[in-house]
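Colleague: Quick one: structure below, then a few questions.
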Amino acid sequence: MNSNQSWVVVADEPAVTGLVTTARELAPQVVAVVVGSREAADAAARAADRVVWLGEPGQVPVEAYAAAVADVVAAAAPAAVVGATSPAARALLGAVAARLGAPVLSNVQQVEAAADGAVVTHAVLGGLVEHRTGVAGVPVLAVDAGAVPADGPAVTVEEAPATPFAGVTVTQVRPRERTGGDLGSARTVVAIGRGLRAEADLAIVTALTEALGGELACSRPLAEGVDWVSKDRYIGISGQRVSPDLYLAIGISGQLQHMVGVRGAGTVVAINSDKDAPVFAQCDYGIVGDLYDVVPALTAALGGGA
Amino acid sequence: MKIVVAYKWAPNPQDLEVRPDGTVDAGRAKPAVSEYDPVAFELARRLADATGGEVVGLTVGPAAIDTPLARKAALSRGLDRLVVVADDALVGADSTRLAVVLAAAVRGIGDVDVVLTGDSSIDVAEGQVPLTLAGHLGWLGLARVAAVEAADGGLVVERDLPAGVSVLHVAGPVVLAATADAVVPRVAGMKDILAAAKKPVEALALAALDVPAPGTALTTLATARPSQGERRRVVLEGPTAVADLVAALDLAGAR
Ligand SMILES: Cc1cc2nc3c(=O)[nH]c(=O)nc-3n(C[C@H](O)[C@H](O)[C@H](O)COP(=O)(O)OP(=O)(O)OC[C@H]3O[C@@H](n4cnc5c(N)ncnc54)[C@H](O)[C@@H]3O)c2cc1C
Ligand SMILES: Nc1ncnc2c1ncn2[C@@H]1O[C@H](COP(=O)(O)O)[C@@H](O)[C@H]1O
């Protein structure tokens, strides 16, 4: 094992600072292997000590390079491997993990290098509990990607064109319009859940969001299921994790899988018609009431809306 | 076309008891087919019906996953047959271990064209097992699959990605993890439940599978309850609730 080196696998995303920071805690030198656009390779070159770019992917998905990435990483015998939590990154990490016979650890809070591997503090069972786990061997970690590295000095991108899986072609891409501002950096987030009865009623929630100068978000069923809010705006274990100063959960019951996404929030406010809803045990302020009354009243009290 | 549906028989973490020391008591929890896995069953059934294919259910885990109730719950969801690897050596197995056992079982089933899975399991919820499974099989693995159809000697796969919808043509074996809302799964009726009792089940012995030893060993050094960052839990009710909330937020400097 090359205990001086940890590797970062990049799945066509320029946001890599979180990956590189974690990798650096486990070995002094960080090497990035990048699948995808030159832009992603150039971004990695501003954060890592060495960048290996597998070349323009053309009409194949990032995942088609999974075995190629596993080959490159396994040949280097690194001390640790770090990637992001996106589905594409998990496909690359999965191939590496399979090759190394090592589990992928997720929801990582803290890592420390150890003589025979690492000690990793991570949430398990969807955030129900936390474990400190000794890893004897190569830790393979899925962590938050972080930000795009700032402009500045960069190492040379080494081009090492690789062969993807044969037989897979992307035949069509229909881009999605991104709506709203950045959730990750929003100071106030207003989230709506299944307590909303109709898509048209979203108007009362957006009026409150505007009155607070916040960003709109939702629980999973409103994005995947009824598709009232765009899919990149649901909060929780499978969606976005946010840490605004103020989080409002409106018509949201407060299931573990949702609330894990707001553990870092400053103040949590809940509005729910059911006084026994689990969200009331996990908020700073709660209002028991019908959101159709409470939300417009709150908007008015804040000096907004009609 | 031979299609495998890999599904998990798992408890809802909401029903697990967390002790003060962070260990988990599953005593009260009733396991079931993991929440999003019925979507994979439905996609598999439709693909099989369109191609004259077969759907084989596959689940691996501790001995407790193989009960008459668990078998029936899976078999009544449109499977033709079921393969189970149930062994207490798999208690607490990590994603790579589960995936390596699933891969060995898929090889054992033989001539599999597609493995369909759910988005993420209700208890672990990491969406990792299908992609590590693809790694073990040396196959392409794609998550966020919203639709799949047979066409031109392969499959047309539609993926729902943050940047938009992407359509792919895939020739060759593939692992596909469905999105939670790809299709609405049918509800098993009385006929399905009765038919389930007659469908073949094969229990594979873990020891009989070609499963390599793990390269990395994990040891749990400590367990803890997550620190919730104690919330105030002030619950307001009645006509002054909104005004009280605004006042409280102003006082806390929270807006
Ligand atoms: C593997 C897995 C991963 C998941 N990941 C996520 C995730 O990342 N994010 C996520 O959000 N969920 C996730 N879920 C789903 C999660 O378990 C819950 O099902 C979901 O969060 C519930 O959404 P909800 O609170 O909007 O709906 P419900 O649980 O149906 O709650 C609706 C609430 O609205 C209240 N209500 C109804 N009418 C009114 C009214 N007029 N005024 C005020 N209140 C009203 C009700 O009292 C109720 O409490 C996941 C589930 C699984 C299995
Ligand atoms: N033990 C298992 N047996 C069969 N399939 C599984 C198992 N664990 C996970 N899966 C499949 O992989 C998906 C994602 O699980 P996970 O990686 O645990 O979030 C699940 O929805 C199942 O389809």
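Chain labels A, B, ... are given in the sequence in which chains occur in the structure tokens; within each chain residues are numbered consecutively from 1, and ligands are likewise numbered from 1 in the order shown.
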Can you check which residues of chain A have any atom within 6 Å of chain B? Use only C-alpha atoms and format it as a PDB file with N, CA and C atoms, in the first residue's frame.
Modeller:
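Everything below was put into iface_15.pdb:
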ATOM      1  N   PRO A  87     -25.133   9.841  -7.644  1.00  0.00           N
ATOM      2  CA  PRO A  87     -25.226   8.491  -8.190  1.00  0.00           C
ATOM      3  C   PRO A  87     -24.029   8.126  -9.074  1.00  0.00           C
ATOM      4  N   ALA A  91     -21.272   5.130  -8.404  1.00  0.00           N
ATOM      5  CA  ALA A  91     -20.992   4.054  -9.359  1.00  0.00           C
ATOM      6  C   ALA A  91     -19.479   3.852  -9.478  1.00  0.00           C
ATOM      7  N   GLY A  94     -18.305   2.404  -6.222  1.00  0.00           N
ATOM      8  CA  GLY A  94     -18.752   1.008  -6.114  1.00  0.00           C
ATOM      9  C   GLY A  94     -17.813   0.065  -6.841  1.00  0.00           C
ATOM     10  N   ALA A  95     -17.357   0.483  -8.006  1.00  0.00           N
ATOM     11  CA  ALA A  95     -16.423  -0.362  -8.768  1.00  0.00           C
ATOM     12  C   ALA A  95     -15.086  -0.462  -8.042  1.00  0.00           C
ATOM     13  N   ALA A  98     -15.612  -2.678  -4.952  1.00  0.00           N
ATOM     14  CA  ALA A  98     -15.694  -4.097  -5.336  1.00  0.00           C
ATOM     15  C   ALA A  98     -14.293  -4.638  -5.608  1.00  0.00           C
ATOM     16  N   GLY A 101     -12.440  -4.940  -2.322  1.00  0.00           N
ATOM     17  CA  GLY A 101     -13.115  -5.702  -1.274  1.00  0.00           C
ATOM     18  C   GLY A 101     -13.357  -4.848  -0.041  1.00  0.00           C
ATOM     19  N   ALA A 102     -13.562  -3.553  -0.249  1.00  0.00           N
ATOM     20  CA  ALA A 102     -13.724  -2.618   0.871  1.00  0.00           C
ATOM     21  C   ALA A 102     -15.113  -2.000   0.821  1.00  0.00           C
ATOM     22  N   PRO A 103     -15.764  -1.825   1.981  1.00  0.00           N
ATOM     23  CA  PRO A 103     -17.075  -1.171   1.956  1.00  0.00           C
ATOM     24  C   PRO A 103     -16.958   0.320   1.693  1.00  0.00           C
ATOM     25  N   LEU A 125     -27.663   3.888   9.373  1.00  0.00           N
ATOM     26  CA  LEU A 125     -29.110   3.670   9.412  1.00  0.00           C
ATOM     27  C   LEU A 125     -29.860   4.981   9.176  1.00  0.00           C
ATOM     28  N   GLY A 126     -29.470   5.653   8.113  1.00  0.00           N
ATOM     29  CA  GLY A 126     -30.169   6.870   7.724  1.00  0.00           C
ATOM     30  C   GLY A 126     -30.076   7.992   8.743  1.00  0.00           C
ATOM     31  N   VAL A 129     -28.234   6.558  14.120  1.00  0.00           N
ATOM     32  CA  VAL A 129     -27.142   6.479  15.098  1.00  0.00           C
ATOM     33  C   VAL A 129     -25.816   6.852  14.447  1.00  0.00           C
ATOM     34  N   GLU A 130     -24.820   7.094  15.308  1.00  0.00           N
ATOM     35  CA  GLU A 130     -23.478   7.395  14.821  1.00  0.00           C
ATOM     36  C   GLU A 130     -22.505   6.315  15.270  1.00  0.00           C
ATOM     37  N   HIS A 131     -21.603   5.968  14.382  1.00  0.00           N
ATOM     38  CA  HIS A 131     -20.592   4.966  14.706  1.00  0.00           C
ATOM     39  C   HIS A 131     -19.188   5.543  14.538  1.00  0.00           C
ATOM     40  N   ARG A 132     -18.298   5.102  15.423  1.00  0.00           N
ATOM     41  CA  ARG A 132     -16.876   5.302  15.188  1.00  0.00           C
ATOM     42  C   ARG A 132     -16.358   3.954  14.754  1.00  0.00           C
ATOM     43  N   THR A 133     -15.861   3.895  13.529  1.00  0.00           N
ATOM     44  CA  THR A 133     -15.509   2.613  12.941  1.00  0.00           C
ATOM     45  C   THR A 133     -14.024   2.557  12.615  1.00  0.00           C
ATOM     46  N   GLY A 134     -13.388   1.492  13.069  1.00  0.00           N
ATOM     47  CA  GLY A 134     -11.998   1.251  12.698  1.00  0.00           C
ATOM     48  C   GLY A 134     -11.975   0.529  11.363  1.00  0.00           C
ATOM     49  N   VAL A 135     -11.243   1.068  10.411  1.00  0.00           N
ATOM     50  CA  VAL A 135     -11.147   0.460   9.089  1.00  0.00           C
ATOM     51  C   VAL A 135      -9.740  -0.124   8.950  1.00  0.00           C
ATOM     52  N   ALA A 136      -9.637  -1.438   8.917  1.00  0.00           N
ATOM     53  CA  ALA A 136      -8.336  -2.077   8.702  1.00  0.00           C
ATOM     54  C   ALA A 136      -8.239  -2.413   7.220  1.00  0.00           C
ATOM     55  N   GLY A 137      -7.499  -1.589   6.492  1.00  0.00           N
ATOM     56  CA  GLY A 137      -7.429  -1.739   5.047  1.00  0.00           C
ATOM     57  C   GLY A 137      -7.630  -0.375   4.417  1.00  0.00           C
ATOM     58  N   GLY A 167     -21.011  -0.616 -25.754  1.00  0.00           N
ATOM     59  CA  GLY A 167     -22.440  -0.937 -25.824  1.00  0.00           C
ATOM     60  C   GLY A 167     -23.359  -0.003 -25.071  1.00  0.00           C
ATOM     61  N   VAL A 168     -22.847   1.144 -24.623  1.00  0.00           N
ATOM     62  CA  VAL A 168     -23.761   2.111 -24.005  1.00  0.00           C
ATOM     63  C   VAL A 168     -23.553   3.475 -24.659  1.00  0.00           C
ATOM     64  N   THR A 169     -24.651   4.065 -25.093  1.00  0.00           N
ATOM     65  CA  THR A 169     -24.592   5.370 -25.758  1.00  0.00           C
ATOM     66  C   THR A 169     -25.714   6.252 -25.218  1.00  0.00           C
ATOM     67  N   VAL A 170     -25.386   7.492 -24.962  1.00  0.00           N
ATOM     68  CA  VAL A 170     -26.416   8.472 -24.627  1.00  0.00           C
ATOM     69  C   VAL A 170     -27.001   8.963 -25.947  1.00  0.00           C
ATOM     70  N   THR A 171     -28.301   8.765 -26.130  1.00  0.00           N
ATOM     71  CA  THR A 171     -28.908   9.128 -27.412  1.00  0.00           C
ATOM     72  C   THR A 171     -29.633  10.464 -27.345  1.00  0.00           C
ATOM     73  N   GLN A 172     -29.942  10.917 -26.146  1.00  0.00           N
ATOM     74  CA  GLN A 172     -30.708  12.153 -26.026  1.00  0.00           C
ATOM     75  C   GLN A 172     -30.530  12.729 -24.628  1.00  0.00           C
ATOM     76  N   VAL A 173     -30.447  14.048 -24.536  1.00  0.00           N
ATOM     77  CA  VAL A 173     -30.423  14.727 -23.239  1.00  0.00           C
ATOM     78  C   VAL A 173     -31.436  15.851 -23.275  1.00  0.00           C
ATOM     79  N   ARG A 174     -32.332  15.842 -22.317  1.00  0.00           N
ATOM     80  CA  ARG A 174     -33.311  16.940 -22.227  1.00  0.00           C
ATOM     81  C   ARG A 174     -33.012  17.729 -20.955  1.00  0.00           C
ATOM     82  N   PRO A 175     -32.266  18.837 -21.089  1.00  0.00           N
ATOM     83  CA  PRO A 175     -31.875  19.592 -19.887  1.00  0.00           C
ATOM     84  C   PRO A 175     -33.083  20.109 -19.132  1.00  0.00           C
ATOM     85  N   ARG A 176     -32.911  20.198 -17.820  1.00  0.00           N
ATOM     86  CA  ARG A 176     -33.993  20.697 -16.980  1.00  0.00           C
ATOM     87  C   ARG A 176     -33.684  22.142 -16.614  1.00  0.00           C
ATOM     88  N   GLU A 224     -40.729  13.983  -5.743  1.00  0.00           N
ATOM     89  CA  GLU A 224     -40.770  12.677  -6.395  1.00  0.00           C
ATOM     90  C   GLU A 224     -42.083  12.058  -6.001  1.00  0.00           C
ATOM     91  N   GLY A 225     -42.993  12.032  -6.905  1.00  0.00           N
ATOM     92  CA  GLY A 225     -44.320  11.550  -6.582  1.00  0.00           C
ATOM     93  C   GLY A 225     -45.289  12.454  -7.300  1.00  0.00           C
ATOM     94  N   CYS A 283     -38.354  20.679  16.732  1.00  0.00           N
ATOM     95  CA  CYS A 283     -38.328  22.071  16.270  1.00  0.00           C
ATOM     96  C   CYS A 283     -38.051  23.009  17.442  1.00  0.00           C
ATOM     97  N   ASP A 284     -37.703  24.244  17.130  1.00  0.00           N
ATOM     98  CA  ASP A 284     -37.547  25.256  18.166  1.00  0.00           C
ATOM     99  C   ASP A 284     -38.891  25.903  18.469  1.00  0.00           C
ATOM    100  N   TYR A 285     -39.636  26.234  17.390  1.00  0.00           N
ATOM    101  CA  TYR A 285     -40.970  26.811  17.555  1.00  0.00           C
ATOM    102  C   TYR A 285     -41.930  26.056  16.660  1.00  0.00           C
ATOM    103  N   GLY A 286     -43.091  25.737  17.201  1.00  0.00           N
ATOM    104  CA  GLY A 286     -44.082  25.065  16.390  1.00  0.00           C
ATOM    105  C   GLY A 286     -45.408  25.782  16.489  1.00  0.00           C
ATOM    106  N   ILE A 287     -46.163  25.769  15.398  1.00  0.00           N
ATOM    107  CA  ILE A 287     -47.545  26.246  15.473  1.00  0.00           C
ATOM    108  C   ILE A 287     -48.446  25.091  15.092  1.00  0.00           C
ATOM    109  N   VAL A 288     -49.356  24.750  16.013  1.00  0.00           N
ATOM    110  CA  VAL A 288     -50.354  23.741  15.705  1.00  0.00           C
ATOM    111  C   VAL A 288     -51.498  24.451  15.008  1.00  0.00           C
ATOM    112  N   LEU A 298     -49.014  34.465   8.701  1.00  0.00           N
ATOM    113  CA  LEU A 298     -47.601  34.709   8.979  1.00  0.00           C
ATOM    114  C   LEU A 298     -47.009  35.644   7.923  1.00  0.00           C
TER     115      LEU A 298
END
Colleague: Taking only C-alpha atoms and all ligand atoms and a cut-off of 7 Å, can you tell me which residues surround ligand 1, written as a PyMOL selection string?
Modeller: (chain A and resi 192-196+218-222+234-239+250-258+271-274+277+289-292) or (chain B and resi 35-36+120-123+125)
Colleague: Between B:Pro20, B:Gly53, B:Gly61, B:Pro11, single out the one closest to ligand 2, counting only C-alpha atoms and all ligand atoms.
Modeller: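 Among the listed residues, the smallest separation from ligand 2 belongs to B:Gly61.
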Colleague: Tell me, as a VMD selection string, which residues lie within 12 Å of Leu69 in chain B, counting only C-alpha atoms; anything in the same chain fewer than 2 positions away does not count.
Modeller: chain B and resid 9 30 to 33 64 to 67 71 to 76 193 196 to 197
Colleague: Considering only C-alpha atoms, return as a list in words whatever protein or nucleic-acid residues lie within 7 Å of Asp12 in chain A, sequence-local ones (same chain, fewer than 5 positions apart) excluded.
Modeller: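 With the cut-off at 7 Å, the set is Val34, Val35, Gly36, Ser37 and Ala40 of chain A.
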Colleague: Hey, can you check how far CA of Val30 in chain A sits from CA of Val148 in chain A?
Modeller: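 Atom-to-atom, CA of Val30 in chain A to CA of Val148 in chain A, that is 16.4 Å.
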Colleague: Identify which of the residues B:Lys2, B:Lys198, B:Arg77, B:Arg186 lies closest to Gly110 in chain B, counting only C-alpha atoms when measuring atom-to-atom distances.
Modeller: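 Looking only at the distances to Gly110 in chain B, the closest residue turns out to be B:Lys2.
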Colleague: Measure the distance from CA of Leu47 in chain B to CA of Ala146 in chain B in Å and round it to one decimal.
Modeller: 13.0 Å
Colleague: As a list in words, which residues of range 130-165 of chain B does DSSP assign to alpha helix (DSSP H)?
Modeller: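 The alpha helix (DSSP H) subset of range 130-165 of chain B is Pro130, Leu131, Thr132, Leu133, Ala134, Gly135, His136 and Leu137 of chain B.
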Colleague: Compare B:Leu58, B:Ile3, B:Val114, B:Val211 by their minimum atom-to-atom distance to ligand 2, counting only C-alpha atoms and all ligand atoms, and give me the closest one.
Modeller: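 Distance minimum relative to ligand 2 lands on B:Leu58.
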Colleague: Among range 102-191 of chain A, which ones does DSSP place in strand (DSSP E or B), written as number ranges by chain?
Modeller: A: 104-105, 108-114, 117-124, 129-136, 140-142, 157-159, 168-175, 188-191
Colleague: Just want the 8 Å neighbourhood of Pro139 in chain A, counted on only C-alpha atoms, with same-chain residues fewer than 6 positions away dropped. Output as a list in words.
Modeller: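 So, after excluding close chain neighbours, the residues are Ala79, Ala80, Val81, Ala102, Pro103, Val104, Leu105, Gly117 and Ala118 of chain A; Thr216 of chain B.
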